Amino acid sequence: YGPAARKEGVIVATAKTFKQEVLEHDGPVAVQLFAPWCGHCKALKPTWSQFAAKHKDSKELLVAEVDCTDSKGGEAICERYDVEGFPTIKYGDPSDLQAYEGGRDEKALKKFAEEKLVPKCSVKNIDLCSADKKAELEKYMALDTEELTKLITAQEDELKQIEEEFKKSVEGLQKLYEGDTKDKEEKMAKLKDGGLGLMKSVKASRKGASKDEL
């Protein structure tokens, strides 16, 4: 890992470049947050490099990585995205990155990119919005930043509550039951699709809205 990885199509984002190269990217992103000493990270490296190489000429998808042990900024980025294990992969709209929990072999990543790493309805891609989503987006765009922030915070708090309820439901068990996992994922997906992602894209598009970003 390191600067040489750029030759393999991977953008090596640092504290100085993360905002410009990742958060301000005009399209979906896939970011691996890793630690150089991590065995799973070393095992993933060839596959991740191949995945990045296939998309290096893409005008839409950006594949990047962040070293979580970098004391000059990488640590702060990983803390911001609640990285608890390595490697962690985040994906989607830069204003609303989600945790990837699928397979990490070449076939799984290829399918994932085809299904999830495509431009979606947002401020930057209004032409991709259905009539209903466009109306919803326009509603959020009419709100001032303070009102928008309150709505985002409320929905993020609800997401945390769903996660906490899930953890309690499986506490003390040796494995996660499929029914509990599916129920949690359906609740979180419904909430995110209910406007959270759109609100975040609106907020991120406004001048000064990202002044506290890394």
# chains A, B, ... in the order shown; residues from 1 in each chain; ligands from 1
call {"tool": "residues_around", "arguments": {"residues": "range 131-134 of chain A", "least_positions_apart": "2", "cutoff": "12 Å", "atoms": "only C-alpha atoms", "output": "ChimeraX atom specification"}}
result
/A:120-129,136-141,193-199,202
call {"tool": "select_by_dssp", "arguments": {"residues": "range 14-149 of chain A", "states": "helix (DSSP H, G or I)", "output": "JSON, numbers by chain"}}
result
{"A": [18, 19, 20, 21, 22, 23, 39, 40, 41, 42, 43, 44, 45, 46, 47, 48, 49, 50, 51, 52, 53, 54, 55, 74, 75, 76, 77, 78, 79, 80, 106, 107, 108, 109, 110, 111, 112, 113, 114, 115, 116, 126, 127, 128, 131, 132, 133, 134, 135, 136, 137, 138, 139, 140, 141, 145, 146, 147, 148, 149]}
call {"tool": "closest_residue", "arguments": {"among": "A:Lys187, A:Lys168, A:Lys16, A:Arg206", "to": "Thr145 in chain A", "atoms": "only C-alpha atoms"}}
result
A:Arg206
call {"tool": "residues_around", "arguments": {"residues": "Lys110 in chain A", "least_positions_apart": "2", "cutoff": "12 Å", "atoms": "only C-alpha atoms", "output": "count of residues only"}}
result
21
call {"tool": "residues_around", "arguments": {"residues": "Ser49 in chain A", "least_positions_apart": "4", "cutoff": "7 Å", "atoms": "only C-alpha atoms", "output": "list in words"}}
result
Glu8, Gly9, Val10, Lys45 and Ala53 of chain A
call {"tool": "atom_distance", "arguments": {"atom1": "CA of Asp82 in chain A", "atom2": "CA of Ala99 in chain A"}}
result
9.9 Å
